[in-house]
Amino acid sequence: MFYFMLFLFNKSGIIFNYLYLLSMAHILKTLNSWFWWENIWMPVNVTWAHFVDRDGLVFPKPHQLYATIPYAFILLIIRFFSERYVAIPLAKALGIKNVRRVKPQPNPVLESYFRECSKHPSQSEIQGLAKKCNCTVRLVEKWFRRRRNLEIPTVLRKFQEAFWRFSFYLTSSIAGFIFLYDTLLPSQYWYYMAEISFYWSLLFTLGIDNKRKDFLAHVVHHLAAIGLMSGSWCGNYVRLGTLVMFVHDTADFWLEAAKMFNYARWEKTCNMLFIIFSIAFFITRIILFPFWILRATLYQPTYYSTTPVIAYFLFNGQLLILQGLHLYWGYLIFKILRRFIFLKDLKDDRSDEEEEDSVTDNEEEPAKNGNKNGCGSSKHLLNSSHH
């Protein structure tokens, strides 16, 4: 009887799982049919049947976008080797050294305060922490200074990231310029795959790349870029998508080149490249993008159809989000240029700078012996030398 009941239980479980899979398959099939509903993507009297390969004509296919995920991992592999075997030797040739940060000695009290309360404690808070840890104020100040520096990427790491982006944007700009004169799908395919895969790879590495104050803006930009490129590929708006990608890439490699020379402290070269980038940015993204591309996507479709499809609002909504980001970044660039013109200071407000660590450990004597928080006389709170 027991085995019979166990058999029925297992049988009912198999039937339940089978029904569950059937229901999920039905839901996915329904969602798929809704997503590819022709009224969303196509104008009146146009169906997906018009985009079936025929008579030597080849059209984009949505399933081809699946390849962008493995391509993104291939780009990450290429990035690893290029940063390691090209960017590092180039950085050394430009005089950039791999400075190893001094780690503060482990201190549970200060670490807890750093993570949970503030990375920049006030003077009164530092005095309170010094009493709690039985340390001098200067040692606590130095601990926080070194702990903050640990969260800022080294100059070499910043150079590696800038080199990778410069290499990709320069390559894609040259390729985009060539593909603008090539209407064949194979060239457009690889251009699209490379661009979408690149932005996927940037999303995958957001947690380890150099974080700036406009981090959220970059996330929105990458997602909007992927959505726009994927949507334009599925809807066969390939020509428009190629123009959008080309307009964006032609300014970006100038910025990354300026960053690389900035990290190498080649100030005159950096300033010249940043001015070129600023001119290219304002021409491509503040003038050409809204008055040429957005005009084509917002107004020209109304000449052919008085009833815009849903895709019209989806695509233009994302393009307007991009234009909003352009205006935001244009404002930041204008602030940097204004400071450069009047104060001769070309500094990127989005990045944190490493703080000077001028006070050595042997300049301070610990307050008391035998402290368990790492501030006692036998062990200084902080390491005593840079590596």
# chains A, B, ... in the order shown; residues from 1 in each chain; ligands from 1

$ select_by_dssp --residues "stretch 53-222 of chain A" --states "helix (DSSP H, G or I)" --output "NGL selection string"
:A and (62-93 or 108-116 or 123-133 or 137-150 or 155-179 or 185-204 or 215-222)

$ write_last_selection --atoms "C-alpha atoms" --output "compact mmCIF listing (two decimals), in the first residue's frame"
# COMPACT_ATOMS: atom_id res chain seq x y z
CA PRO A 62 15.59 39.01 -34.95
CA HIS A 63 17.09 35.66 -33.93
CA GLN A 64 20.49 36.90 -35.13
CA LEU A 65 20.64 39.15 -32.06
CA TYR A 66 21.14 36.10 -29.82
CA ALA A 67 24.72 36.01 -31.09
CA THR A 68 25.50 39.33 -29.39
CA ILE A 69 25.79 37.70 -25.95
CA PRO A 70 28.59 35.25 -26.88
CA TYR A 71 30.16 37.99 -28.99
CA ALA A 72 30.18 40.19 -25.88
CA PHE A 73 32.22 37.59 -24.01
CA ILE A 74 34.60 37.37 -26.97
CA LEU A 75 35.06 41.14 -26.73
CA LEU A 76 35.79 40.78 -23.02
CA ILE A 77 38.53 38.27 -23.84
CA ILE A 78 39.96 40.62 -26.46
CA ARG A 79 39.78 43.44 -23.93
CA PHE A 80 41.68 41.41 -21.33
CA PHE A 81 44.56 40.65 -23.66
CA SER A 82 44.69 44.13 -25.20
CA GLU A 83 44.75 45.81 -21.78
CA ARG A 84 47.36 43.42 -20.48
CA TYR A 85 49.72 43.12 -23.44
CA VAL A 86 49.19 46.42 -25.28
CA ALA A 87 47.86 49.03 -22.84
CA ILE A 88 50.30 48.28 -20.01
CA PRO A 89 53.47 48.47 -22.19
CA LEU A 90 52.09 51.64 -23.81
CA ALA A 91 51.41 53.16 -20.38
CA LYS A 92 54.96 52.40 -19.27
CA ALA A 93 56.31 53.97 -22.47
CA PRO A 108 36.93 46.69 12.75
CA VAL A 109 35.72 49.93 14.34
CA LEU A 110 36.94 52.25 11.60
CA GLU A 111 35.94 49.82 8.85
CA SER A 112 32.42 49.59 10.21
CA TYR A 113 32.16 53.37 10.42
CA PHE A 114 33.55 53.74 6.87
CA ARG A 115 30.99 51.33 5.39
CA GLU A 116 27.92 52.21 7.40
CA GLN A 123 36.78 66.52 12.62
CA SER A 124 34.63 65.94 15.70
CA GLU A 125 33.75 62.44 14.46
CA ILE A 126 37.43 61.68 13.87
CA GLN A 127 38.24 62.77 17.42
CA GLY A 128 35.52 60.49 18.76
CA LEU A 129 36.81 57.56 16.69
CA ALA A 130 40.36 58.26 17.89
CA LYS A 131 39.23 57.99 21.49
CA LYS A 132 37.23 54.85 20.75
CA CYS A 133 40.19 53.19 19.03
CA VAL A 137 43.69 61.83 15.45
CA ARG A 138 46.35 61.89 12.72
CA LEU A 139 46.43 58.10 12.53
CA VAL A 140 42.65 57.94 12.15
CA GLU A 141 42.78 60.63 9.46
CA LYS A 142 45.43 58.67 7.60
CA TRP A 143 43.45 55.43 7.91
CA PHE A 144 40.41 57.05 6.26
CA ARG A 145 42.60 58.67 3.61
CA ARG A 146 44.17 55.36 2.62
CA ARG A 147 40.86 53.51 2.86
CA ARG A 148 39.24 56.00 0.46
CA ASN A 149 42.16 55.65 -1.93
CA LEU A 150 41.60 51.90 -2.09
CA VAL A 155 46.02 55.68 -12.90
CA LEU A 156 47.23 52.58 -14.74
CA ARG A 157 43.80 50.95 -14.40
CA LYS A 158 42.12 54.09 -15.72
CA PHE A 159 44.56 54.16 -18.64
CA GLN A 160 43.80 50.53 -19.50
CA GLU A 161 40.05 51.19 -19.60
CA ALA A 162 40.49 54.35 -21.68
CA PHE A 163 42.78 52.48 -24.09
CA TRP A 164 40.19 49.75 -24.65
CA ARG A 165 37.39 52.21 -25.31
CA PHE A 166 39.62 54.30 -27.56
CA SER A 167 40.56 51.22 -29.58
CA PHE A 168 36.96 50.12 -30.04
CA TYR A 169 35.52 53.57 -30.81
CA LEU A 170 38.26 54.34 -33.32
CA THR A 171 37.81 50.98 -35.06
CA SER A 172 34.02 51.28 -35.11
CA SER A 173 34.21 54.86 -36.41
CA ILE A 174 36.37 53.80 -39.35
CA ALA A 175 34.16 50.77 -39.99
CA GLY A 176 31.00 52.86 -39.70
CA PHE A 177 32.30 55.40 -42.21
CA ILE A 178 33.03 52.59 -44.68
CA PHE A 179 29.70 50.83 -44.08
CA LEU A 185 23.56 43.43 -45.27
CA PRO A 186 26.72 41.42 -44.34
CA SER A 187 28.70 44.57 -43.51
CA GLN A 188 25.75 46.05 -41.61
CA TYR A 189 25.36 42.76 -39.73
CA TRP A 190 28.88 42.80 -38.35
CA TYR A 191 28.65 46.50 -37.55
CA TYR A 192 25.48 45.89 -35.54
CA MET A 193 26.80 42.76 -33.83
CA ALA A 194 30.00 44.50 -32.78
CA GLU A 195 28.22 47.58 -31.42
CA ILE A 196 25.51 45.70 -29.49
CA SER A 197 28.05 43.22 -28.13
CA PHE A 198 30.29 46.08 -27.00
CA TYR A 199 27.51 47.70 -24.98
CA TRP A 200 26.58 44.32 -23.49
CA SER A 201 30.21 43.92 -22.42
CA LEU A 202 30.15 47.38 -20.83
CA LEU A 203 27.05 46.40 -18.84
CA PHE A 204 28.76 43.18 -17.73
CA PHE A 215 27.28 56.12 -13.32
CA LEU A 216 23.47 55.97 -13.53
CA ALA A 217 23.50 58.01 -16.75
CA HIS A 218 25.87 55.45 -18.28
CA VAL A 219 23.57 52.58 -17.29
CA VAL A 220 20.59 54.33 -18.90
CA HIS A 221 22.68 55.13 -21.98
CA HIS A 222 23.88 51.53 -22.44

$ atom_distance --atom1 "atom CA of A:Trp41" --atom2 "atom CA of A:Pro290"
22.9 Å

$ atom_distance --atom1 "atom CA of A:Phe334" --atom2 "atom CA of A:Glu256"
17.4 Å

$ atom_distance --atom1 "atom CA of A:Trp292" --atom2 "atom CA of A:Phe274"
24.7 Å

$ closest_residue --among "A:Leu94, A:Cys135, A:Ile275, A:Cys117" --to "A:Arg338" --atoms "only C-alpha atoms"
A:Ile275

$ closest_residue --among "A:Asn107, A:Thr47, A:Gln318, A:Gln300" --to "A:Met229" --atoms "only C-alpha atoms"
A:Gln318

$ residues_around --residues "A:Gly317" --least-positions-apart "3" --cutoff "12 Å" --atoms "only C-alpha atoms" --output "PyMOL selection string"
chain A and resi 224-225+227-228+294+297-298+310-314+320-324

$ write_last_selection --atoms "N, CA and C atoms" --output "CSV table (one decimal), in the first residue's frame"
chain,number,residue,atom,x,y,z
A,224,ALA,N,19.6,52.0,-23.3
A,224,ALA,CA,18.9,52.6,-24.4
A,224,ALA,C,19.5,52.3,-25.7
A,225,ALA,N,20.9,52.3,-25.7
A,225,ALA,CA,21.6,52.0,-26.9
A,225,ALA,C,21.3,50.6,-27.4
A,227,GLY,N,18.7,48.7,-26.6
A,227,GLY,CA,17.3,48.7,-27.1
A,227,GLY,C,17.1,49.3,-28.4
A,228,LEU,N,17.7,50.4,-28.7
A,228,LEU,CA,17.6,51.1,-30.0
A,228,LEU,C,18.2,50.2,-31.1
A,294,LEU,N,16.9,63.0,-35.5
A,294,LEU,CA,15.6,63.1,-34.8
A,294,LEU,C,14.6,63.7,-35.7
A,297,THR,N,13.3,60.9,-37.8
A,297,THR,CA,12.5,59.9,-37.2
A,297,THR,C,11.2,60.4,-36.6
A,298,LEU,N,11.1,61.7,-36.3
A,298,LEU,CA,10.0,62.3,-35.7
A,298,LEU,C,9.0,62.8,-36.7
A,310,ILE,N,3.0,51.7,-32.9
A,310,ILE,CA,3.6,51.8,-31.5
A,310,ILE,C,5.1,51.9,-31.5
A,311,ALA,N,5.8,51.2,-32.5
A,311,ALA,CA,7.2,51.3,-32.6
A,311,ALA,C,7.7,52.7,-32.8
A,312,TYR,N,6.9,53.5,-33.4
A,312,TYR,CA,7.3,54.9,-33.7
A,312,TYR,C,7.5,55.6,-32.3
A,313,PHE,N,6.6,55.4,-31.4
A,313,PHE,CA,6.8,56.0,-30.1
A,313,PHE,C,7.9,55.4,-29.2
A,314,LEU,N,8.1,54.1,-29.4
A,314,LEU,CA,9.1,53.4,-28.6
A,314,LEU,C,10.5,53.8,-29.1
A,320,LEU,N,14.9,60.2,-27.8
A,320,LEU,CA,14.8,61.4,-27.0
A,320,LEU,C,15.5,61.3,-25.6
A,321,ILE,N,15.5,60.1,-25.1
A,321,ILE,CA,16.3,59.8,-23.8
A,321,ILE,C,17.8,60.0,-24.1
A,322,LEU,N,18.2,59.5,-25.2
A,322,LEU,CA,19.6,59.7,-25.6
A,322,LEU,C,19.9,61.2,-25.8
A,323,GLN,N,19.0,61.9,-26.4
A,323,GLN,CA,19.3,63.4,-26.6
A,323,GLN,C,19.3,64.1,-25.2
A,324,GLY,N,18.5,63.7,-24.3
A,324,GLY,CA,18.5,64.2,-23.0
A,324,GLY,C,19.9,64.0,-22.3

$ closest_atom_pairs --of "stretch 246-294 of chain A" --to "stretch 97-103 of chain A" --cutoff "12 Å" --atoms "only C-alpha atoms" --output "tab-separated table"
residue	atom	partner	partner_atom	distance
A:Tyr263	CA	A:Lys97	CA	10.3
A:Ala264	CA	A:Lys97	CA	9.3
A:Arg265	CA	A:Lys97	CA	11.8
